[in-house]
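Undergrad: One structure, as structure tokens, below. Some questions next.
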Amino acid sequence: MAHYKILLVDDDKFILQSVGNILENSGYDVTRADSGEKAIALIEKQEFDLVLTDLIMDAVDGIKVLKKSKEVNKDTMVIILTGFGDLDSAIDALRFKADDYLLKPCEPTEISFKISSCLEKLELKRRITVYENIYPICCVCKSIRNDEGKEPGTGDWISVEEYFWKIAKMAPSSTYCPKCAKKLMEDIQSR
């Protein structure tokens, strides 16, 4: 499983503790914020794959957290969590590009399902981005030139594995193609 960073935002300490524990027990890296103000400060400092935020909070509400999350990184997934579910709040959340909406109280399985679904969408977005931004690949050593943040053609050459881990944030699996597997077996048998 890829290592995902989740920001959990709620002014209810019980929700922060219980939902945070559910997420951590599922293997996620969870950062907690007990107010919208603290959440926005965290969003400005570090990158999160997903933000799970309460809708109704003092001063800075969940819609403001949603807007800031999408402003900083349009691909950050955001789920609105609220005990005051009505059609208007759901429409507002979706209009500002929330990726999903959960009503309190909710079961751990429902939380896990919604988060898992959003993270699957995030992985698909990342893969599409990789395909949209095909990088030059050396035909000899198979290194990739990473021009991200640099003048086109001046980027550093990095390994394919490093590219997938650090830039695309994907976990590639390693294997042998039939030709290489056959060569490896021949080399082993000839020893």
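By order in the structure tokens, chains are A, B, ...; within a chain, residues start at 1; ligands start at 1, following the order shown.
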For Leu124 (chain A), find every residue with an atom within 12 Å (counting only C-alpha atoms), except residues of its own chain fewer than 6 positions away, and show them as a ChimeraX atom specification.

TA: /A:75,117-118,130-131,168-170

Undergrad: Go ahead and save the residues from that selection, with C-alpha atoms, as an mmCIF file, in the first residue's frame.

TA:
```
data_model
loop_
_atom_site.group_PDB
_atom_site.id
_atom_site.type_symbol
_atom_site.label_atom_id
_atom_site.label_comp_id
_atom_site.auth_asym_id
_atom_site.auth_seq_id
_atom_site.Cartn_x
_atom_site.Cartn_y
_atom_site.Cartn_z
ATOM 1 C CA ASP A 75 -5.338 17.157 -6.811
ATOM 2 C CA SER A 117 -12.368 5.434 -3.097
ATOM 3 C CA CYS A 118 -10.915 8.949 -3.036
ATOM 4 C CA VAL A 130 2.386 10.841 -15.825
ATOM 5 C CA TYR A 131 1.049 9.942 -19.257
ATOM 6 C CA ALA A 168 4.841 10.546 -9.823
ATOM 7 C CA LYS A 169 4.326 9.332 -6.221
ATOM 8 C CA MET A 170 3.522 5.864 -7.458
#
```

Undergrad: Among region 9-122 of chain A, which residues does DSSP mark as strand (DSSP E) when it is run on the backbone? Keep the chain and numbering as in the structure and answer as JSON, numbers by chain.

TA: {"A": [9, 29, 30, 31, 32, 33, 50, 51, 52, 53, 54, 77, 78, 79, 80, 81, 82, 100, 101, 102, 103]}

Undergrad: Tell me which of A:Ile115, A:Arg32, A:Leu122, A:Lys38 sits closest to Asn73 (chain A), counting only C-alpha atoms.

TA: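 Of all the options, A:Leu122 lies closest to Asn73 (chain A).
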
Undergrad: As number ranges by chain, please: the residues near Leu81 (chain A) (cut-off 12 Å, only C-alpha atoms, same-chain neighbours under 5 positions excluded).

TA: A: 8-12, 15-16, 19, 51-57, 61-63, 65-66, 86, 89-90, 93, 98-106, 110-111, 114-115

Undergrad: What is the CA of Arg95 (chain A)-CA of Leu23 (chain A) distance in Å, reported with one decimal?

TA: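 About the pair CA of Arg95 (chain A) and CA of Leu23 (chain A): they are 26.6 Å apart.
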
Undergrad: So how many Å separate CA of Ile137 (chain A) and CA of Lys182 (chain A), to one decimal?

TA: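 Separation between CA of Ile137 (chain A) and CA of Lys182 (chain A): 24.9 Å.
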
Undergrad: Tell me, as a PyMOL selection string, which residues lie within 8 Å of His3 (chain A), counting only C-alpha atoms; anything in the same chain fewer than 3 positions away does not count.

TA: chain A and resi 27-29

Undergrad: Apply DSSP to the backbone of this structure and, from chain A, keep only the residues in alpha helix (DSSP H); write these as a PyMOL selection string.

TA: chain A and resi 13-25+36-45+62-72+87-95+108-132+160-162+178-189

Undergrad: I'd like to know which of A:Thr82, A:Ser112, A:Asn146, A:Ser35 is closest to Asn21 (chain A), using only C-alpha atoms.

TA: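 Of A:Thr82, A:Ser112, A:Asn146, A:Ser35, the one nearest Asn21 (chain A), counting only C-alpha atoms, is A:Ser112.
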
Undergrad: Measuring between only C-alpha atoms, which one of A:Thr31, A:Ala59, A:Glu107, A:Val160 shows the shortest distance to Gln46 (chain A)?

TA: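 Once distances to Gln46 (chain A) are computed over only C-alpha atoms, the minimum belongs to A:Thr31.
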